[in-house]
$ cat coords.pdb   # PDB, C-alpha atoms
ATOM      1  CA  LEU A   1     -16.173   7.411  16.597
ATOM      2  CA  ASP A   2     -14.357  10.585  17.419
ATOM      3  CA  ALA A   3     -12.466  12.501  14.735
ATOM      4  CA  ALA A   4      -9.070  10.985  15.607
ATOM      5  CA  GLU A   5     -10.349   7.445  15.225
ATOM      6  CA  ARG A   6     -12.158   8.316  11.983
ATOM      7  CA  ALA A   7      -8.823   9.599  10.639
ATOM      8  CA  ALA A   8      -7.743   5.977  10.307
ATOM      9  CA  MET A   9     -10.717   5.200   8.039
ATOM     10  CA  VAL A  10     -10.806   5.938   4.313
ATOM     11  CA  ASN A  11     -14.116   5.322   2.521
ATOM     12  CA  GLY A  12     -15.319   3.306   5.519
ATOM     13  CA  VAL A  13     -12.268   0.985   5.524
ATOM     14  CA  TRP A  14      -9.716   0.886   8.372
ATOM     15  CA  GLN A  15      -6.262   1.752   7.092
ATOM     16  CA  THR A  16      -2.904   0.427   8.265
ATOM     17  CA  ASP A  17      -0.432   2.717  10.018
ATOM     18  CA  GLY A  18       1.660   3.288   6.892
ATOM     19  CA  SER A  19      -1.239   3.927   4.516
ATOM     20  CA  ARG A  20      -2.311   7.064   2.632
ATOM     21  CA  HIS A  21      -4.098   8.575   5.632
ATOM     22  CA  THR A  22      -0.697   9.387   7.155
ATOM     23  CA  VAL A  23       0.594  11.281   4.103
ATOM     24  CA  GLY A  24       1.286  14.903   4.869
ATOM     25  CA  LYS A  25       1.541  14.405   8.628
ATOM     26  CA  ARG A  26       4.504  16.047  10.331
ATOM     27  CA  MET A  27       7.376  14.091  11.764
ATOM     28  CA  ILE A  28       7.116  13.465  15.503
ATOM     29  CA  GLU A  29       9.366  15.438  17.782
ATOM     30  CA  ALA A  30      11.301  12.953  19.924
ATOM     31  CA  GLY A  31      13.049  13.858  23.129
ATOM     32  CA  LYS A  32      16.805  13.560  23.615
ATOM     33  CA  ASP A  33      16.192  10.029  24.877
ATOM     34  CA  GLY A  34      14.470   9.118  21.589
ATOM     35  CA  ALA A  35      11.057   8.624  23.171
ATOM     36  CA  THR A  36       8.044   9.939  21.296
ATOM     37  CA  VAL A  37       5.527   8.839  23.949
ATOM     38  CA  ARG A  38       6.266   9.277  27.640
ATOM     39  CA  LEU A  39       4.239   8.694  30.772
ATOM     40  CA  ALA A  40       5.536   8.891  34.324
ATOM     41  CA  PRO A  41       4.691   5.884  36.532
ATOM     42  CA  ARG A  42       2.712   6.044  39.740
ATOM     43  CA  GLU A  43       4.873   5.661  42.819
ATOM     44  CA  GLY A  44       6.154   2.090  43.161
ATOM     45  CA  PHE A  45       5.359   1.115  39.553
ATOM     46  CA  PRO A  46       7.915   0.401  36.814
ATOM     47  CA  THR A  47       8.214   2.056  33.415
ATOM     48  CA  LEU A  48       7.750  -0.067  30.296
ATOM     49  CA  ARG A  49      10.311   0.610  27.574
ATOM     50  CA  VAL A  50       8.787  -0.057  24.156
ATOM     51  CA  ALA A  51      10.122   0.053  20.592
ATOM     52  CA  TYR A  52       7.401   0.250  17.955
ATOM     53  CA  PHE A  53       8.886  -0.458  14.526
ATOM     54  CA  PHE A  54       7.071   0.806  11.407
ATOM     55  CA  SER A  55       4.851   2.942  13.625
ATOM     56  CA  GLY A  56       3.664   5.449  11.047
ATOM     57  CA  THR A  57       2.899   8.952  12.243
ATOM     58  CA  HIS A  58       1.661   9.594  15.738
ATOM     59  CA  ARG A  59      -2.122   9.919  16.067
ATOM     60  CA  ARG A  60      -4.747   9.295  18.702
ATOM     61  CA  ALA A  61      -5.947   6.037  17.134
ATOM     62  CA  SER A  62      -2.466   4.463  17.198
ATOM     63  CA  ILE A  63      -1.044   1.554  19.158
ATOM     64  CA  ALA A  64       1.113   4.076  21.037
ATOM     65  CA  GLU A  65      -1.861   6.056  22.297
ATOM     66  CA  HIS A  66      -3.805   2.958  23.331
ATOM     67  CA  LEU A  67      -0.768   1.562  25.171
ATOM     68  CA  LYS A  68      -0.364   4.912  26.910
ATOM     69  CA  LEU A  69      -3.998   4.727  28.099
ATOM     70  CA  LEU A  70      -3.506   1.158  29.374
ATOM     71  CA  CYS A  71      -0.340   2.152  31.248
ATOM     72  CA  LYS A  72      -2.052   5.185  32.751
ATOM     73  CA  LYS A  73      -4.940   3.025  34.031
ATOM     74  CA  SER A  74      -2.594   0.454  35.556
ATOM     75  CA  GLY A  75      -0.051   2.904  36.983
ATOM     76  CA  PHE A  76       2.844   1.865  34.766
ATOM     77  CA  GLY A  77       5.119   4.424  33.192
ATOM     78  CA  LEU A  78       5.787   4.344  29.462
ATOM     79  CA  HIS A  79       8.870   5.207  27.435
ATOM     80  CA  MET A  80       8.010   4.463  23.806
ATOM     81  CA  VAL A  81      10.234   4.938  20.793
ATOM     82  CA  GLU A  82       8.284   4.984  17.533
ATOM     83  CA  VAL A  83      10.551   3.934  14.668
ATOM     84  CA  ASP A  84       9.520   5.030  11.187
ATOM     85  CA  THR A  85      10.965   7.363   8.549
ATOM     86  CA  LEU A  86       7.864   9.528   9.116
ATOM     87  CA  VAL A  87       9.058   9.883  12.722
ATOM     88  CA  GLY A  88      12.856   9.928  12.706
ATOM     89  CA  GLY A  89      13.831  10.398   9.087
ATOM     90  CA  LYS A  90      17.052   8.735   7.910
ATOM     91  CA  ASP A  91      17.939   7.378  11.365
ATOM     92  CA  HIS A  92      14.731   5.340  11.210
ATOM     93  CA  ASP A  93      15.149   4.104   7.624
ATOM     94  CA  LEU A  94      14.815   0.349   8.089
ATOM     95  CA  LEU A  95      15.943  -0.259   4.509
ATOM     96  CA  ASP A  96      19.368   1.069   5.550
ATOM     97  CA  ARG A  97      21.539  -1.780   6.863
ATOM     98  CA  ASP A  98      23.474   0.457   9.275
ATOM     99  CA  ALA A  99      20.239   1.754  10.804
ATOM    100  CA  GLN A 100      18.931  -1.823  11.037
ATOM    101  CA  GLN A 101      22.059  -2.988  12.845
ATOM    102  CA  GLU A 102      21.864  -0.165  15.378
ATOM    103  CA  TRP A 103      18.224  -0.938  16.220
ATOM    104  CA  LEU A 104      18.938  -4.686  16.431
ATOM    105  CA  ARG A 105      21.879  -3.964  18.757
ATOM    106  CA  ARG A 106      19.613  -1.959  21.054
ATOM    107  CA  VAL A 107      16.955  -4.700  21.086
ATOM    108  CA  GLU A 108      19.521  -7.439  21.765
ATOM    109  CA  ALA A 109      21.054  -5.354  24.582
ATOM    110  CA  GLY A 110      17.703  -5.543  26.380
ATOM    111  CA  GLU A 111      16.959  -1.834  26.070
ATOM    112  CA  PHE A 112      13.258  -2.530  25.432
ATOM    113  CA  HIS A 113      10.748  -4.618  27.396
ATOM    114  CA  ILE A 114       8.389  -4.787  24.432
ATOM    115  CA  THR A 115       9.139  -4.740  20.717
ATOM    116  CA  ILE A 116       6.287  -4.273  18.273
ATOM    117  CA  PHE A 117       6.840  -4.965  14.587
ATOM    118  CA  ALA A 118       4.234  -3.842  12.057
ATOM    119  CA  PRO A 119       6.028  -4.003   8.691
ATOM    120  CA  PRO A 120       4.142  -2.371   5.812
ATOM    121  CA  CYS A 121       1.917  -5.011   4.291
ATOM    122  CA  GLY A 122       1.082  -3.370   0.953
ATOM    123  CA  SER A 123       2.758  -5.977  -1.220
ATOM    124  CA  PHE A 124       1.534  -8.821   1.033
ATOM    125  CA  SER A 125      -2.113  -7.764   1.191
ATOM    126  CA  ARG A 126      -4.912  -9.703  -0.496
ATOM    127  CA  SER A 127      -6.307  -6.373  -1.645
ATOM    128  CA  ASN A 128      -3.753  -6.484  -4.485
ATOM    129  CA  TYR A 129      -5.926  -9.247  -5.967
ATOM    130  CA  ALA A 130      -9.174  -7.253  -5.669
ATOM    131  CA  ASN A 131      -9.253  -5.835  -9.218
ATOM    132  CA  ASP A 132      -7.157  -4.885 -12.242
ATOM    133  CA  LEU A 133      -6.114  -1.537 -10.794
ATOM    134  CA  LYS A 134      -2.624  -0.856  -9.491
ATOM    135  CA  PRO A 135      -0.909  -1.999  -7.421
ATOM    136  CA  GLN A 136      -1.047  -5.492  -8.824
ATOM    137  CA  PRO A 137       0.123  -8.605  -6.913
ATOM    138  CA  VAL A 138       3.870  -9.206  -6.709
ATOM    139  CA  ARG A 139       3.684 -12.418  -4.632
ATOM    140  CA  SER A 140       1.418 -15.371  -3.875
ATOM    141  CA  ARG A 141       1.241 -18.324  -1.537
ATOM    142  CA  ALA A 142       3.340 -20.324  -4.003
ATOM    143  CA  HIS A 143       5.829 -17.430  -4.286
ATOM    144  CA  PRO A 144       5.755 -15.692  -0.856
ATOM    145  CA  TRP A 145       9.027 -13.802  -1.480
ATOM    146  CA  GLY A 146       7.891 -12.529  -4.894
ATOM    147  CA  PHE A 147       7.104 -13.828  -8.340
ATOM    148  CA  PRO A 148      10.243 -14.882 -10.228
ATOM    149  CA  TRP A 149       8.905 -12.928 -13.228
ATOM    150  CA  ASN A 150       8.665  -9.605 -11.348
ATOM    151  CA  ARG A 151      10.547  -6.817 -13.156
ATOM    152  CA  GLY A 152      11.269  -3.148 -12.564
ATOM    153  CA  GLY A 153       9.001  -1.474 -10.028
ATOM    154  CA  ASP A 154       7.194  -4.707  -9.166
ATOM    155  CA  ARG A 155      10.483  -6.390  -8.307
ATOM    156  CA  LYS A 156      11.569  -3.432  -6.150
ATOM    157  CA  ARG A 157       8.196  -3.396  -4.396
ATOM    158  CA  ALA A 158       8.480  -7.102  -3.527
ATOM    159  CA  GLU A 159      12.106  -6.739  -2.402
ATOM    160  CA  LYS A 160      11.275  -3.746  -0.201
ATOM    161  CA  GLY A 161       8.436  -5.675   1.461
ATOM    162  CA  ASN A 162      10.747  -8.657   1.937
ATOM    163  CA  GLU A 163      13.430  -6.490   3.557
ATOM    164  CA  PHE A 164      10.939  -5.102   6.068
ATOM    165  CA  VAL A 165       9.648  -8.569   6.993
ATOM    166  CA  LEU A 166      13.186  -9.958   7.268
ATOM    167  CA  PHE A 167      14.111  -7.062   9.572
ATOM    168  CA  ALA A 168      11.102  -7.901  11.768
ATOM    169  CA  MET A 169      12.254 -11.536  11.930
ATOM    170  CA  ARG A 170      15.782 -10.451  12.892
ATOM    171  CA  GLY A 171      14.281  -8.108  15.478
ATOM    172  CA  ILE A 172      12.305 -10.919  17.088
ATOM    173  CA  LYS A 173      15.452 -13.063  17.155
ATOM    174  CA  ALA A 174      17.378 -10.175  18.771
ATOM    175  CA  ALA A 175      14.659  -9.908  21.425
ATOM    176  CA  GLN A 176      14.964 -13.675  22.048
ATOM    177  CA  GLN A 177      18.717 -13.232  22.555
ATOM    178  CA  ALA A 178      18.048 -10.471  25.086
ATOM    179  CA  LYS A 179      15.600 -12.770  26.874
ATOM    180  CA  ARG A 180      18.208 -15.566  27.005
ATOM    181  CA  ARG A 181      20.550 -13.109  28.723
ATOM    182  CA  GLY A 182      17.996 -12.504  31.461
ATOM    183  CA  HIS A 183      16.164  -9.433  30.164
ATOM    184  CA  TRP A 184      12.366  -9.333  30.322
ATOM    185  CA  VAL A 185      11.287  -8.965  26.684
ATOM    186  CA  ARG A 186       8.082  -9.607  24.735
ATOM    187  CA  SER A 187       7.642  -9.210  20.979
ATOM    188  CA  PHE A 188       4.572  -8.684  18.840
ATOM    189  CA  LEU A 189       4.291  -9.016  15.074
ATOM    190  CA  GLU A 190       1.385  -7.506  13.154
ATOM    191  CA  HIS A 191       1.214  -8.633   9.543
ATOM    192  CA  PRO A 192      -1.440 -10.061   7.218
ATOM    193  CA  GLU A 193      -2.173 -13.748   6.939
ATOM    194  CA  ASP A 194      -0.708 -15.760   4.086
ATOM    195  CA  LEU A 195      -2.081 -15.339   0.568
ATOM    196  CA  GLY A 196      -3.547 -18.861   0.495
TER
END

$ encode --input "coords.pdb" --output "structure tokens"
Amino acid sequence: LDAAERAAMVNGVWQTDGSRHTVGKRMIEAGKDGATVRLAPREGFPTLRVAYFFSGTHRRASIAEHLKLLCKKSGFGLHMVEVDTLVGGKDHDLLDRDAQQEWLRRVEAGEFHITIFAPPCGSFSRSNYANDLKPQPVRSRAHPWGFPWNRGGDRKRAEKGNEFVLFAMRGIKAAQQAKRRGHWVRSFLEHPEDLG
């Protein structure tokens, strides 16, 4: 593996986009059009417009870079907007309802051909059950939205995870609305399996 791909591994374990390996990375500089990844198409080929929600910081081992390579090979152009507080700060805060509504409006308007949702899975991951160290589980298969006995930080952690997943669900529904209006739209959701 080259150094960029190894950056996504910590102690031999692949890390998710929003994990500790992204801490300390600089925010991505987006163009005036909001795109963080751009690629011009070959003559006669279209440009894919992509929104990648919960993208984490930009790095060579990311979905954005691999999609850019695929587009380059096939001749397609790429206009990708990576949406994450590590990228766009407050405007990309998907816990903020106003920011959520603006992104959902853009998806429903058919602005993007592809929407990718990769909500942080920390509170949903089975790794919370691995040992007695923190963070401890805040949900289970019987209580997928959080244990009723969660308090304080555990309750906030479960609620934050829920809000991100609910936004992804609303985003997929917004993309379906755009599709019903005649726009070409595909959605992808990356999230861990259930805790059963």

$ residues_around --input "coords.pdb" --residues "A:Pro46" --least-positions-apart "3" --cutoff "10 Å" --atoms "all atoms listed in the file" --output "compact mmCIF listing (two decimals) with C-alpha atoms, keeping the file's coordinate frame"
# COMPACT_ATOMS: atom_id res chain seq x y z
CA ALA A 40 5.54 8.89 34.32
CA PRO A 41 4.69 5.88 36.53
CA ARG A 42 2.71 6.04 39.74
CA GLU A 43 4.87 5.66 42.82
CA ARG A 49 10.31 0.61 27.57
CA GLY A 75 -0.05 2.90 36.98
CA PHE A 76 2.84 1.86 34.77
CA GLY A 77 5.12 4.42 33.19
CA LEU A 78 5.79 4.34 29.46

$ resolve_selection --input "coords.pdb" --expression "the PyMOL selection byres ((chain A and resi 172-183) around 8)" --output "JSON, numbers by chain"
{"A": [104, 105, 107, 108, 109, 110, 113, 115, 168, 169, 170, 171, 184, 185, 186, 187]}

$ axis_aligned_box --input "coords.pdb" --around "stretch 48-64 of chain A" --padding-each-side "8 Å" --output "AutoDock Vina command-line options"
--center_x 2.2 --center_y 4.7 --center_z 20.7 --size_x 32.3 --size_y 26.4 --size_z 35.2

$ closest_residue --input "coords.pdb" --among "A:Asp96, A:Leu69, A:Glu159, A:Pro192" --to "A:Ser127" --atoms "only C-alpha atoms"
A:Pro192

$ resolve_selection --input "coords.pdb" --expression "the PyMOL selection byres ((chain A and resi 135) around 12)" --output "list in words"
Gly122, Ser123, Phe124, Ser125, Arg126, Ser127, Asn128, Tyr129, Ala130, Asn131, Asp132, Leu133, Lys134, Gln136, Pro137, Val138, Arg139, Gly153, Asp154, Arg157 and Ala158 of chain A

$ closest_residue --input "coords.pdb" --among "A:Arg151, A:Lys156, A:Gly89, A:Val83" --to "A:Trp103" --atoms "all atoms listed in the file"
A:Val83

$ residues_around --input "coords.pdb" --residues "A:Phe164" --least-positions-apart "3" --cutoff "6 Å" --atoms "all atoms listed in the file" --output "JSON, numbers by chain"
{"A": [119, 161, 167]}

$ atom_distance --input "coords.pdb" --atom1 "atom CA of A:Arg38" --atom2 "atom CA of A:Met80"
6.4 Å

$ atom_distance --input "coords.pdb" --atom1 "atom CA of A:Val50" --atom2 "atom CA of A:Asn162"
23.9 Å

$ atom_distance --input "coords.pdb" --atom1 "atom CA of A:Glu82" --atom2 "atom CA of A:Leu166"
18.8 Å

$ residues_around --input "coords.pdb" --residues "A:His92" --least-positions-apart "2" --cutoff "10 Å" --atoms "only C-alpha atoms" --output "list of chain:residue names"
A:Phe53, A:Phe54, A:Glu82, A:Val83, A:Asp84, A:Thr85, A:Leu86, A:Val87, A:Gly88, A:Gly89, A:Lys90, A:Leu94, A:Leu95, A:Asp96, A:Ala99, A:Gln100, A:Glu102, A:Trp103

$ decode --input "coords.pdb" --residues "stretch 107-132 of chain A" --atoms "N, CA, C and O atoms" --output "PDB file, in the first residue's frame"
ATOM      1  N   VAL A 107     -30.788  18.536  -3.267  1.00  0.00           N
ATOM      2  CA  VAL A 107     -30.925  17.145  -3.741  1.00  0.00           C
ATOM      3  C   VAL A 107     -32.263  16.984  -4.454  1.00  0.00           C
ATOM      4  O   VAL A 107     -32.329  16.455  -5.567  1.00  0.00           O
ATOM      5  N   GLU A 108     -33.338  17.459  -3.820  1.00  0.00           N
ATOM      6  CA  GLU A 108     -34.678  17.302  -4.407  1.00  0.00           C
ATOM      7  C   GLU A 108     -34.827  18.074  -5.720  1.00  0.00           C
ATOM      8  O   GLU A 108     -35.585  17.669  -6.599  1.00  0.00           O
ATOM      9  N   ALA A 109     -34.075  19.155  -5.877  1.00  0.00           N
ATOM     10  CA  ALA A 109     -34.121  19.941  -7.120  1.00  0.00           C
ATOM     11  C   ALA A 109     -33.394  19.241  -8.266  1.00  0.00           C
ATOM     12  O   ALA A 109     -33.424  19.723  -9.396  1.00  0.00           O
ATOM     13  N   GLY A 110     -32.747  18.117  -7.976  1.00  0.00           N
ATOM     14  CA  GLY A 110     -32.061  17.369  -9.028  1.00  0.00           C
ATOM     15  C   GLY A 110     -30.681  17.903  -9.349  1.00  0.00           C
ATOM     16  O   GLY A 110     -30.142  17.646 -10.421  1.00  0.00           O
ATOM     17  N   GLU A 111     -30.096  18.640  -8.410  1.00  0.00           N
ATOM     18  CA  GLU A 111     -28.778  19.235  -8.647  1.00  0.00           C
ATOM     19  C   GLU A 111     -27.679  18.173  -8.769  1.00  0.00           C
ATOM     20  O   GLU A 111     -26.656  18.414  -9.394  1.00  0.00           O
ATOM     21  N   PHE A 112     -27.899  17.003  -8.166  1.00  0.00           N
ATOM     22  CA  PHE A 112     -26.866  15.968  -8.145  1.00  0.00           C
ATOM     23  C   PHE A 112     -27.352  14.698  -8.836  1.00  0.00           C
ATOM     24  O   PHE A 112     -28.485  14.276  -8.634  1.00  0.00           O
ATOM     25  N   HIS A 113     -26.477  14.083  -9.628  1.00  0.00           N
ATOM     26  CA  HIS A 113     -26.790  12.787 -10.241  1.00  0.00           C
ATOM     27  C   HIS A 113     -26.625  11.657  -9.225  1.00  0.00           C
ATOM     28  O   HIS A 113     -27.331  10.654  -9.287  1.00  0.00           O
ATOM     29  N   ILE A 114     -25.659  11.818  -8.341  1.00  0.00           N
ATOM     30  CA  ILE A 114     -25.360  10.779  -7.359  1.00  0.00           C
ATOM     31  C   ILE A 114     -25.282  11.422  -5.984  1.00  0.00           C
ATOM     32  O   ILE A 114     -24.637  12.458  -5.805  1.00  0.00           O
ATOM     33  N   THR A 115     -25.949  10.803  -5.014  1.00  0.00           N
ATOM     34  CA  THR A 115     -25.812  11.223  -3.621  1.00  0.00           C
ATOM     35  C   THR A 115     -25.260  10.038  -2.844  1.00  0.00           C
ATOM     36  O   THR A 115     -25.756   8.918  -2.962  1.00  0.00           O
ATOM     37  N   ILE A 116     -24.220  10.309  -2.078  1.00  0.00           N
ATOM     38  CA  ILE A 116     -23.579   9.285  -1.258  1.00  0.00           C
ATOM     39  C   ILE A 116     -23.730   9.711   0.193  1.00  0.00           C
ATOM     40  O   ILE A 116     -23.369  10.832   0.558  1.00  0.00           O
ATOM     41  N   PHE A 117     -24.259   8.819   1.003  1.00  0.00           N
ATOM     42  CA  PHE A 117     -24.458   9.095   2.425  1.00  0.00           C
ATOM     43  C   PHE A 117     -23.630   8.100   3.230  1.00  0.00           C
ATOM     44  O   PHE A 117     -23.806   6.889   3.087  1.00  0.00           O
ATOM     45  N   ALA A 118     -22.741   8.616   4.056  1.00  0.00           N
ATOM     46  CA  ALA A 118     -21.894   7.769   4.898  1.00  0.00           C
ATOM     47  C   ALA A 118     -21.911   8.323   6.321  1.00  0.00           C
ATOM     48  O   ALA A 118     -20.898   8.792   6.838  1.00  0.00           O
ATOM     49  N   PRO A 119     -23.106   8.282   6.980  1.00  0.00           N
ATOM     50  CA  PRO A 119     -23.190   8.875   8.314  1.00  0.00           C
ATOM     51  C   PRO A 119     -22.220   8.202   9.284  1.00  0.00           C
ATOM     52  O   PRO A 119     -21.991   6.998   9.193  1.00  0.00           O
ATOM     53  N   PRO A 120     -21.639   8.988  10.202  1.00  0.00           N
ATOM     54  CA  PRO A 120     -20.715   8.412  11.172  1.00  0.00           C
ATOM     55  C   PRO A 120     -21.368   7.239  11.901  1.00  0.00           C
ATOM     56  O   PRO A 120     -22.508   7.321  12.329  1.00  0.00           O
ATOM     57  N   CYS A 121     -20.636   6.162  12.005  1.00  0.00           N
ATOM     58  CA  CYS A 121     -21.237   4.940  12.554  1.00  0.00           C
ATOM     59  C   CYS A 121     -20.729   4.605  13.942  1.00  0.00           C
ATOM     60  O   CYS A 121     -20.998   3.521  14.458  1.00  0.00           O
ATOM     61  N   GLY A 122     -20.030   5.539  14.597  1.00  0.00           N
ATOM     62  CA  GLY A 122     -19.446   5.255  15.904  1.00  0.00           C
ATOM     63  C   GLY A 122     -20.406   4.658  16.908  1.00  0.00           C
ATOM     64  O   GLY A 122     -20.097   3.654  17.552  1.00  0.00           O
ATOM     65  N   SER A 123     -21.580   5.235  17.057  1.00  0.00           N
ATOM     66  CA  SER A 123     -22.509   4.713  18.062  1.00  0.00           C
ATOM     67  C   SER A 123     -23.277   3.487  17.565  1.00  0.00           C
ATOM     68  O   SER A 123     -23.941   2.817  18.347  1.00  0.00           O
ATOM     69  N   PHE A 124     -23.169   3.174  16.272  1.00  0.00           N
ATOM     70  CA  PHE A 124     -23.848   2.015  15.699  1.00  0.00           C
ATOM     71  C   PHE A 124     -22.919   0.802  15.560  1.00  0.00           C
ATOM     72  O   PHE A 124     -23.363  -0.285  15.273  1.00  0.00           O
ATOM     73  N   SER A 125     -21.634   1.011  15.720  1.00  0.00           N
ATOM     74  CA  SER A 125     -20.653  -0.028  15.452  1.00  0.00           C
ATOM     75  C   SER A 125     -20.639  -1.123  16.518  1.00  0.00           C
ATOM     76  O   SER A 125     -20.772  -0.853  17.711  1.00  0.00           O
ATOM     77  N   ARG A 126     -20.414  -2.360  16.067  1.00  0.00           N
ATOM     78  CA  ARG A 126     -20.269  -3.478  16.999  1.00  0.00           C
ATOM     79  C   ARG A 126     -19.027  -3.346  17.857  1.00  0.00           C
ATOM     80  O   ARG A 126     -18.914  -3.983  18.901  1.00  0.00           O
ATOM     81  N   SER A 127     -18.075  -2.531  17.413  1.00  0.00           N
ATOM     82  CA  SER A 127     -16.841  -2.385  18.188  1.00  0.00           C
ATOM     83  C   SER A 127     -17.100  -1.813  19.575  1.00  0.00           C
ATOM     84  O   SER A 127     -16.286  -1.990  20.484  1.00  0.00           O
ATOM     85  N   ASN A 128     -18.245  -1.157  19.772  1.00  0.00           N
ATOM     86  CA  ASN A 128     -18.600  -0.653  21.104  1.00  0.00           C
ATOM     87  C   ASN A 128     -18.779  -1.798  22.102  1.00  0.00           C
ATOM     88  O   ASN A 128     -18.699  -1.582  23.308  1.00  0.00           O
ATOM     89  N   TYR A 129     -19.048  -2.993  21.595  1.00  0.00           N
ATOM     90  CA  TYR A 129     -19.249  -4.164  22.445  1.00  0.00           C
ATOM     91  C   TYR A 129     -17.961  -4.954  22.667  1.00  0.00           C
ATOM     92  O   TYR A 129     -17.969  -5.980  23.321  1.00  0.00           O
ATOM     93  N   ALA A 130     -16.846  -4.497  22.102  1.00  0.00           N
ATOM     94  CA  ALA A 130     -15.610  -5.285  22.095  1.00  0.00           C
ATOM     95  C   ALA A 130     -14.982  -5.470  23.478  1.00  0.00           C
ATOM     96  O   ALA A 130     -14.356  -6.490  23.739  1.00  0.00           O
ATOM     97  N   ASN A 131     -15.116  -4.471  24.359  1.00  0.00           N
ATOM     98  CA  ASN A 131     -14.485  -4.557  25.674  1.00  0.00           C
ATOM     99  C   ASN A 131     -15.159  -3.574  26.625  1.00  0.00           C
ATOM    100  O   ASN A 131     -16.173  -2.981  26.281  1.00  0.00           O
ATOM    101  N   ASP A 132     -14.566  -3.386  27.788  1.00  0.00           N
ATOM    102  CA  ASP A 132     -15.144  -2.479  28.787  1.00  0.00           C
ATOM    103  C   ASP A 132     -14.636  -1.045  28.670  1.00  0.00           C
ATOM    104  O   ASP A 132     -14.971  -0.204  29.488  1.00  0.00           O
TER     105      ASP A 132
END
